[in-house]
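Just protein06.tsv here, TSV, C-alpha atoms and all ligand atoms:
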```tsv
chain	number	residue	atom	x	y	z
W	592	MET	CA	-45.80	26.97	11.19
W	593	LYS	CA	-46.37	23.52	12.60
W	594	HIS	CA	-48.99	22.49	15.16
W	595	LEU	CA	-49.34	19.16	16.98
W	596	ILE	CA	-53.00	18.14	17.03
W	597	ASP	CA	-52.84	14.43	16.17
W	598	PRO	CA	-49.82	12.12	16.62
W	599	MET	CA	-49.92	11.53	12.87
W	600	ASP	CA	-49.18	15.23	12.25
W	601	LEU	CA	-45.54	14.30	12.83
W	602	THR	CA	-43.69	12.49	10.07
W	603	GLN	CA	-41.70	9.44	11.14
W	604	GLN	CA	-38.53	11.52	10.77
W	605	GLU	CA	-39.92	14.35	12.94
W	606	LEU	CA	-41.01	11.84	15.57
W	607	ASP	CA	-37.61	10.16	15.60
W	608	ASP	CA	-35.90	13.58	15.83
W	609	ILE	CA	-38.05	14.55	18.84
W	610	LEU	CA	-37.30	11.26	20.62
W	611	THR	CA	-33.57	11.59	19.88
W	612	LEU	CA	-33.50	15.17	21.13
W	613	ALA	CA	-35.50	14.18	24.24
W	614	GLY	CA	-32.99	11.41	24.94
W	615	ASP	CA	-30.16	13.94	24.78
W	616	ILE	CA	-32.07	16.25	27.14
W	617	VAL	CA	-32.51	13.33	29.57
W	618	ARG	CA	-28.73	12.83	29.65
W	619	ASN	CA	-27.58	16.48	29.32
W	620	PRO	CA	-30.33	18.75	30.71
W	621	GLU	CA	-27.90	21.61	31.49
W	622	LYS	CA	-27.14	22.05	27.76
W	623	TYR	CA	-30.69	23.24	27.21
W	624	ASN	CA	-31.30	25.52	30.18
W	625	SER	CA	-31.45	28.80	28.25
W	626	VAL	CA	-32.58	27.76	24.79
W	627	CYS	CA	-36.05	29.33	25.39
W	628	LYS	CA	-34.81	32.53	27.07
W	629	ASN	CA	-37.40	35.27	26.39
W	630	LYS	CA	-39.96	32.71	25.13
W	631	LYS	CA	-43.34	32.05	26.74
W	632	ILE	CA	-45.72	29.13	26.66
W	633	ALA	CA	-49.42	29.64	27.40
W	634	THR	CA	-51.18	26.66	28.95
W	635	LEU	CA	-54.93	26.97	28.26
W	636	PHE	CA	-56.62	24.17	30.18
W	637	TYR	CA	-60.41	24.01	29.86
W	638	GLU	CA	-60.34	20.60	31.63
W	639	PRO	CA	-58.55	19.46	34.80
W	640	SER	CA	-54.95	18.24	34.63
W	641	THR	CA	-52.01	17.62	36.91
W	642	ARG	CA	-49.26	16.03	34.79
W	643	THR	CA	-49.79	17.52	31.37
W	644	ARG	CA	-50.13	21.15	32.43
W	645	LEU	CA	-47.37	21.04	35.02
W	646	SER	CA	-45.01	19.14	32.73
W	647	PHE	CA	-45.47	21.71	29.94
W	648	GLU	CA	-44.85	24.46	32.46
W	649	SER	CA	-41.79	22.82	34.00
W	650	ALA	CA	-40.51	21.95	30.50
W	651	MET	CA	-40.60	25.62	29.49
W	652	ILE	CA	-39.07	26.76	32.78
W	653	GLU	CA	-36.22	24.22	32.42
W	654	LEU	CA	-35.60	25.57	28.90
W	655	GLY	CA	-35.14	29.05	30.43
W	656	GLY	CA	-38.55	30.38	29.33
W	657	ASN	CA	-41.69	31.58	31.07
W	658	VAL	CA	-45.28	30.43	31.52
W	659	ILE	CA	-48.70	32.11	31.38
W	660	GLY	CA	-52.19	30.64	31.13
W	661	PHE	CA	-55.21	29.35	32.99
W	662	SER	CA	-55.93	26.02	34.62
W	663	SER	CA	-59.69	26.35	34.47
W	664	ALA	CA	-61.96	28.06	31.96
W	665	GLN	CA	-63.85	29.60	34.90
W	666	ASP	CA	-60.80	31.74	35.67
W	667	SER	CA	-60.75	33.28	32.19
W	668	SER	CA	-63.03	35.24	29.87
W	669	VAL	CA	-64.23	31.90	28.52
W	670	SER	CA	-66.70	32.16	31.43
W	671	LYS	CA	-68.06	35.33	29.73
W	672	GLY	CA	-68.59	33.44	26.49
W	673	GLU	CA	-65.32	34.06	24.62
W	674	SER	CA	-64.79	31.53	21.85
W	675	VAL	CA	-61.77	29.25	21.37
W	676	GLU	CA	-60.98	31.12	18.15
W	677	ASP	CA	-60.86	34.54	19.84
W	678	THR	CA	-59.08	33.18	22.90
W	679	VAL	CA	-56.12	31.87	20.90
W	680	ARG	CA	-55.96	35.00	18.75
W	681	VAL	CA	-55.65	37.02	21.95
W	682	VAL	CA	-53.24	34.67	23.76
W	683	GLY	CA	-51.05	34.54	20.63
W	684	CYS	CA	-50.34	38.24	21.24
W	685	PHE	CA	-48.66	37.30	24.54
W	686	ALA	CA	-47.16	33.82	24.07
W	687	ASP	CA	-44.90	32.12	21.50
W	688	ILE	CA	-46.61	28.72	21.74
W	689	ILE	CA	-49.88	27.41	23.24
W	690	ALA	CA	-50.72	24.06	24.85
W	691	MET	CA	-54.51	23.56	24.98
W	692	ARG	CA	-56.66	20.93	26.68
W	693	HIS	CA	-60.37	21.00	25.92
W	694	PRO	CA	-63.31	18.66	26.60
W	695	ASN	CA	-64.57	19.07	23.02
W	696	GLU	CA	-63.00	16.87	20.38
W	697	GLY	CA	-61.50	19.06	17.66
W	698	ALA	CA	-61.20	22.25	19.76
W	699	PRO	CA	-57.36	22.38	19.46
W	700	LYS	CA	-57.71	21.79	15.71
W	701	LEU	CA	-60.10	24.74	15.51
W	702	ALA	CA	-57.65	26.80	17.56
W	703	SER	CA	-54.84	25.96	15.14
W	704	MET	CA	-56.87	27.46	12.27
W	705	TYR	CA	-56.94	30.86	13.99
W	706	ALA	CA	-53.75	31.05	16.05
W	707	GLU	CA	-50.64	32.85	14.90
W	708	VAL	CA	-48.44	30.67	17.13
W	709	PRO	CA	-48.05	26.86	17.27
W	710	ILE	CA	-50.87	24.99	19.04
W	711	ILE	CA	-50.22	21.75	20.92
W	712	ASN	CA	-53.19	19.50	21.66
W	713	ALA	CA	-52.87	18.63	25.35
W	714	GLY	CA	-55.92	16.33	25.15
W	715	ASP	CA	-59.27	16.86	23.37
W	716	GLY	CA	-62.24	14.94	24.75
W	717	GLY	CA	-62.00	11.22	24.07
W	718	HIS	CA	-60.09	11.85	20.85
W	719	ASN	CA	-56.31	12.36	21.05
W	720	HIS	CA	-53.52	13.12	23.48
W	721	PRO	CA	-50.40	13.31	21.31
W	722	THR	CA	-47.97	14.53	23.96
W	723	GLN	CA	-48.91	11.63	26.24
W	724	THR	CA	-48.04	9.45	23.26
W	725	LEU	CA	-44.65	11.13	22.92
W	726	THR	CA	-44.19	10.45	26.64
W	727	ASP	CA	-45.13	6.79	26.16
W	728	LEU	CA	-42.82	6.36	23.16
W	729	LEU	CA	-39.87	7.98	24.93
W	730	THR	CA	-40.43	5.72	27.94
W	731	ILE	CA	-40.55	2.62	25.74
W	732	VAL	CA	-37.45	3.50	23.70
W	733	GLU	CA	-35.43	4.53	26.77
W	734	GLU	CA	-36.44	1.50	28.81
W	735	LYS	CA	-36.70	-1.24	26.14
W	736	GLY	CA	-34.15	0.20	23.68
W	737	LYS	CA	-36.47	-0.13	20.67
W	738	LEU	CA	-39.97	0.50	19.37
W	739	ASP	CA	-40.20	-2.34	16.83
W	740	ASP	CA	-41.12	-5.99	17.55
W	741	MET	CA	-43.40	-5.45	20.53
W	742	THR	CA	-46.51	-7.08	21.87
W	743	ILE	CA	-48.39	-4.33	23.66
W	744	GLY	CA	-51.45	-4.95	25.80
W	745	LEU	CA	-53.81	-2.01	26.25
W	746	CYS	CA	-56.16	-2.67	29.13
W	747	GLY	CA	-59.24	-0.94	30.53
W	748	ASP	CA	-61.25	1.83	28.93
W	749	LEU	CA	-60.23	1.56	25.28
W	750	LYS	CA	-63.35	3.38	24.13
W	751	PHE	CA	-62.96	6.74	25.85
W	752	GLY	CA	-59.22	6.58	26.61
W	753	ARG	CA	-57.71	9.15	24.24
W	754	THR	CA	-54.18	8.14	25.21
W	755	VAL	CA	-54.93	4.63	23.91
W	756	HIS	CA	-56.14	5.94	20.54
W	757	SER	CA	-53.08	8.13	20.09
W	758	LEU	CA	-50.65	5.41	21.18
W	759	ILE	CA	-52.14	2.85	18.77
W	760	LYS	CA	-51.78	5.37	15.91
W	761	ALA	CA	-48.15	6.03	16.77
W	762	MET	CA	-47.14	2.40	17.46
W	763	SER	CA	-48.81	1.24	14.22
W	764	ARG	CA	-45.99	2.94	12.31
W	765	TYR	CA	-43.33	0.64	13.80
W	766	LYS	CA	-42.42	-2.85	12.59
W	767	ASN	CA	-44.01	-6.03	13.83
W	768	ILE	CA	-46.34	-4.70	16.52
W	769	LYS	CA	-49.07	-6.88	18.02
W	770	PHE	CA	-51.88	-5.11	19.88
W	771	VAL	CA	-53.68	-7.09	22.59
W	772	LEU	CA	-56.82	-5.02	23.26
W	773	ILE	CA	-58.12	-5.98	26.69
W	774	SER	CA	-61.48	-4.47	27.67
W	775	PRO	CA	-65.05	-5.29	28.60
W	776	PRO	CA	-67.32	-5.40	25.51
W	777	GLU	CA	-68.80	-1.98	26.39
W	778	LEU	CA	-65.38	-0.29	26.37
W	779	LYS	CA	-63.84	-1.78	23.23
W	780	VAL	CA	-61.58	0.37	21.09
W	781	PRO	CA	-63.62	2.38	18.52
W	782	GLU	CA	-64.11	0.61	15.19
W	783	TYR	CA	-62.29	3.36	13.27
W	784	ILE	CA	-59.08	2.57	15.18
W	785	ILE	CA	-59.23	-1.03	13.96
W	786	GLU	CA	-60.38	-0.26	10.41
W	787	GLU	CA	-58.47	2.94	9.69
W	788	VAL	CA	-55.33	2.52	11.78
W	789	ILE	CA	-54.41	-1.04	12.76
W	790	LYS	CA	-55.56	-2.94	9.66
W	791	PRO	CA	-54.11	-0.53	7.04
W	792	ALA	CA	-50.79	-0.66	8.91
W	793	GLY	CA	-50.83	-4.44	8.61
W	794	GLN	CA	-50.39	-4.94	12.35
W	795	GLU	CA	-51.68	-7.96	14.23
W	796	TYR	CA	-54.38	-7.44	16.88
W	797	VAL	CA	-56.69	-9.42	19.15
W	798	GLU	CA	-59.62	-8.18	21.24
W	799	VAL	CA	-59.97	-10.07	24.53
W	800	THR	CA	-61.64	-9.63	27.90
W	801	SER	CA	-59.21	-11.43	30.25
W	802	LEU	CA	-56.06	-9.73	31.54
W	803	GLU	CA	-54.91	-12.91	33.31
W	804	ASP	CA	-55.04	-14.95	30.10
W	805	SER	CA	-53.05	-12.46	28.05
W	806	ILE	CA	-50.55	-10.86	30.43
W	807	GLY	CA	-47.95	-13.62	29.89
W	808	GLU	CA	-47.34	-12.74	26.23
W	809	LEU	CA	-46.90	-8.97	26.71
W	810	ASP	CA	-43.73	-6.88	26.40
W	811	ILE	CA	-45.64	-3.76	27.51
W	812	LEU	CA	-48.82	-3.53	29.57
W	813	TYR	CA	-50.54	-0.14	29.19
W	814	MET	CA	-53.15	0.13	31.95
W	815	THR	CA	-55.84	2.81	31.79
W	816	ARG	CA	-58.48	4.22	34.09
W	817	VAL	CA	-62.18	3.97	33.27
W	818	GLN	CA	-63.00	7.55	32.22
W	819	ARG	CA	-65.86	8.47	34.54
W	820	GLU	CA	-66.16	12.00	33.08
W	821	ARG	CA	-67.05	10.62	29.62
W	822	PHE	CA	-69.86	8.27	30.78
W	823	PHE	CA	-73.47	9.30	30.24
W	824	ASN	CA	-74.67	7.01	33.00
W	825	GLU	CA	-73.16	6.73	36.53
W	826	ALA	CA	-74.57	3.19	36.99
W	827	ASP	CA	-72.58	1.97	33.97
W	828	TYR	CA	-69.42	3.58	35.32
W	829	ILE	CA	-69.87	1.89	38.71
W	830	ARG	CA	-70.48	-1.47	37.06
W	831	LEU	CA	-67.36	-1.25	34.88
W	832	LYS	CA	-64.85	0.74	36.92
W	833	ASP	CA	-63.16	-2.19	38.66
W	834	THR	CA	-63.21	-4.68	35.79
W	835	TYR	CA	-59.39	-4.84	35.82
W	836	ILE	CA	-57.20	-4.47	38.87
W	837	LEU	CA	-53.54	-5.27	38.32
W	838	ASP	CA	-52.09	-6.78	41.49
W	839	THR	CA	-49.00	-8.74	42.54
W	840	LYS	CA	-50.75	-12.05	41.87
W	841	LYS	CA	-51.36	-11.14	38.21
W	842	MET	CA	-47.82	-9.76	37.92
W	843	ARG	CA	-46.50	-13.27	38.69
W	844	LEU	CA	-47.92	-14.32	35.31
W	845	ALA	CA	-46.02	-11.58	33.43
W	846	LYS	CA	-42.60	-11.75	31.74
W	847	ASP	CA	-39.65	-10.63	33.87
W	848	ASP	CA	-38.96	-7.77	31.46
W	849	MET	CA	-42.53	-6.68	30.77
W	850	ILE	CA	-42.97	-3.01	31.59
W	851	ILE	CA	-46.14	-1.47	33.04
W	852	LEU	CA	-47.12	1.95	31.76
W	853	HIS	CA	-50.12	4.09	32.72
W	854	PRO	CA	-50.85	7.66	31.60
W	855	LEU	CA	-52.17	8.37	35.13
W	856	PRO	CA	-54.11	9.41	37.12
W	857	ARG	CA	-54.69	5.93	38.50
W	858	VAL	CA	-57.87	5.26	40.43
W	859	ASN	CA	-58.15	1.59	41.36
W	860	GLU	CA	-56.79	-0.28	38.33
W	861	ILE	CA	-53.27	-0.82	39.67
W	862	SER	CA	-52.92	-1.92	43.26
W	863	PRO	CA	-50.37	0.25	45.14
W	864	SER	CA	-48.62	-3.03	46.05
W	865	VAL	CA	-47.43	-3.22	42.42
W	866	ASP	CA	-45.60	0.13	42.72
W	867	LYS	CA	-42.55	-1.57	44.27
W	868	ASP	CA	-42.18	-3.95	41.32
W	869	PRO	CA	-39.22	-2.82	39.15
W	870	ARG	CA	-41.41	-3.37	36.07
W	871	ALA	CA	-43.79	-0.61	37.24
W	872	LEU	CA	-42.61	2.46	35.30
W	873	TYR	CA	-45.62	4.77	35.49
W	874	PHE	CA	-44.00	7.35	37.76
W	875	LYS	CA	-40.75	7.30	35.79
W	876	GLN	CA	-42.94	7.78	32.70
W	877	VAL	CA	-44.15	11.12	34.15
W	878	ARG	CA	-40.55	12.37	34.27
W	879	TYR	CA	-39.99	11.34	30.65
W	880	GLY	CA	-43.07	13.44	29.82
W	881	LYS	CA	-41.29	16.61	30.87
W	882	TYR	CA	-38.22	15.83	28.76
W	883	VAL	CA	-40.18	14.98	25.64
W	884	ARG	CA	-42.24	18.17	25.98
W	885	MET	CA	-38.98	20.13	26.22
W	886	ALA	CA	-37.93	18.55	22.92
W	887	LEU	CA	-41.32	19.22	21.33
W	888	ILE	CA	-41.33	22.89	22.35
W	889	MET	CA	-37.85	23.32	20.85
W	890	LYS	CA	-38.85	21.65	17.59
W	891	LEU	CA	-42.09	23.62	17.18
W	892	LEU	CA	-40.26	26.88	17.90
W	893	GLY	CA	-37.42	25.92	15.56
W	894	LEU	CA	-34.79	26.23	18.30
W	895	GLU	CA	-31.49	24.38	18.52
W	896	VAL	CA	-28.44	24.46	20.77
W	897	GLU	CA	-24.92	24.64	19.40
E	1	LIG	N1	-51.77	11.81	31.69
E	1	LIG	C1	-52.52	12.93	31.81
E	1	LIG	O1	-53.02	13.49	30.81
E	1	LIG	O2	-52.64	13.37	33.09
E	1	LIG	P1	-53.38	14.71	33.51
E	1	LIG	O3	-54.83	14.57	33.18
E	1	LIG	O4	-53.12	14.88	34.99
E	1	LIG	O5	-52.77	15.83	32.70
```
Structure rendered as structure tokens:
Amino acid sequence: MKHLIDPMDLTQQELDDILTLAGDIVRNPEKYNSVCKNKKIATLFYEPSTRTRLSFESAMIELGGNVIGFSSAQDSSVSKGESVEDTVRVVGCFADIIAMRHPNEGAPKLASMYAEVPIINAGDGGHNHPTQTLTDLLTIVEEKGKLDDMTIGLCGDLKFGRTVHSLIKAMSRYKNIKFVLISPPELKVPEYIIEEVIKPAGQEYVEVTSLEDSIGELDILYMTRVQRERFFNEADYIRLKDTYILDTKKMRLAKDDMIILHPLPRVNEISPSVDKDPRALYFKQVRYGKYVRMALIMKLLGLEVE
């Protein structure tokens, strides 16, 4: 049985297979509308979510399956003190696969050690968010036609932004990637990402503070929100939250074919005036998230269509 806890749990071949299958689902969704008949996904969300939970649920529904779960730990026996281990042992009696989001780093990993069904990490603290990464990769390959030979700028909260950590891990496996890491000094990417991911992969990287100075060289700009919920100190959050605001003036400095991605939710870091720009793909990216989760569910359940 396979779980997805970290983007590196997937081999390159498995990742490519998921992206290929997701691309086919994008173009032929009707082919897949009963592949999960009689299957259920449980979405166990101990932390708030709009996209991830609803895209898992709509993915399973569009595959012909059903959905159970909770959107807040308060609505479950977690509020009575039930552990993650016991919760997944119980939910595994009802569901064929579980997507779990948890504020504690490592909680989905712990769940995978006790569950009798596949566990998907739907975000654990500031650590990883592998299905957002699948979403990001599908968006890039569908919109740019390739994943190699890219200069990708990651901008904002690179310290707490789990989607950034997962995306760097995944993109490091492709050829000739340059990471432009744009953040204030307080929100730099964790050292282990540089030392254990980027450097061993032999990829180029720079750490900078100015978005204006670097936007012109980017093929992809990945904007992120400053993660208020992970700050210990509200004053620091207020000081840093508006460090980067992408607006139409800055977009004039960007390449004509640069794409803007954002895992969302956005707070203030992309001006709504940018939404009309054809390079702004963050809402299209949400739709790709549903298709790639359909592909992931099929792969983890070992399902195929004729
Ligand atoms: N991108 C993302 O994880 O969004 P949600 O927090 O709404 O699920």
Check your understanding: Do you have the CA of Val799 (chain W)-CA of Leu772 (chain W) distance handy?
Key ->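 Going from CA of Val799 (chain W) over to CA of Leu772 (chain W), I get 6.1 Å.
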Check your understanding: Can I get the residues close to ligand LIG 1 (chain E) as a PyMOL selection string, where close means within 9 Å and we count only C-alpha atoms and all ligand atoms?
Key -> chain W and resi 638-646+692+713-714+720+722-723+754+853-856+877
Practice item. Identify the residues within 6 Å of coordinate (-36.9, 20.6, 33.6) (same frame as the file), considering all atoms listed in the file, and give the answer as a list in words. Key: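 Neighbouring residues, ordered by chain and number, come to Ser649, Ala650 and Glu653 of chain W.
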Can you report as JSON the centre and edge lengths in Å, to one decimal, of an axis-aligned box around the listed atoms of region 829-838 of chain W padded with 5 Å on each side?
```
{"center_x": -61.3, "center_y": -2.4, "center_z": 38.2, "size_x": 28.4, "size_y": 18.7, "size_z": 16.6}
```
Could the residues of region 651-744 of chain W that have an atom at most 6 Å from region 803-827 of chain W be listed as JSON lines, each with its closest atom pair and the distance in Å to one decimal, counting all atoms listed in the file and ordered by chain and ascending residue number?
```
{"residue": "W:Thr742", "atom": "CA", "partner": "W:Leu809", "partner_atom": "CA", "distance": 5.2}
{"residue": "W:Ile743", "atom": "CA", "partner": "W:Ile811", "partner_atom": "CA", "distance": 4.8}
{"residue": "W:Gly744", "atom": "CA", "partner": "W:Leu812", "partner_atom": "CA", "distance": 4.8}
```
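As for CA of Leu831 (chain W) and CA of Pro775 (chain W), they are spaced 7.8 Å apart.
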Exercise for review: Fewer than 6 positions away in the same chain doesn't count, so skip those; otherwise give me all residues within 8 Å of Leu738 (chain W), counting all atoms listed in the file, as a PyMOL selection string.
Suggested key: chain W and resi 728+731-732+762+765-766
Point to revise | Residue neighbourhood Pro776 (chain W), 12 Å, all atoms listed in the file, exclusion window fewer than 3 positions, as JSON, numbers by chain | key: {"W": [747, 748, 749, 750, 772, 773, 779, 780, 781, 798, 799, 800, 801, 831, 834]}
**Study point:** Distance criterion (all atoms listed in the file): nearest to Gly893 (chain W) out of W:Asp687, W:Asp607, W:Asp597, W:Asp615
**Key:**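 Residue with the minimum atom-to-atom distance to Gly893 (chain W): W:Asp687.
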Exercise for review: Find the spatial neighbours of Pro791 (chain W), counting only C-alpha atoms, within a cut-off of 12 Å - ignore same-chain residues fewer than 6 positions away - and output them as a VMD selection string.
Suggested key: chain W and resid 760 763 to 764 783 to 785
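You will find CA of Ala690 (chain W) at 6.1 Å from CA of Asn712 (chain W).
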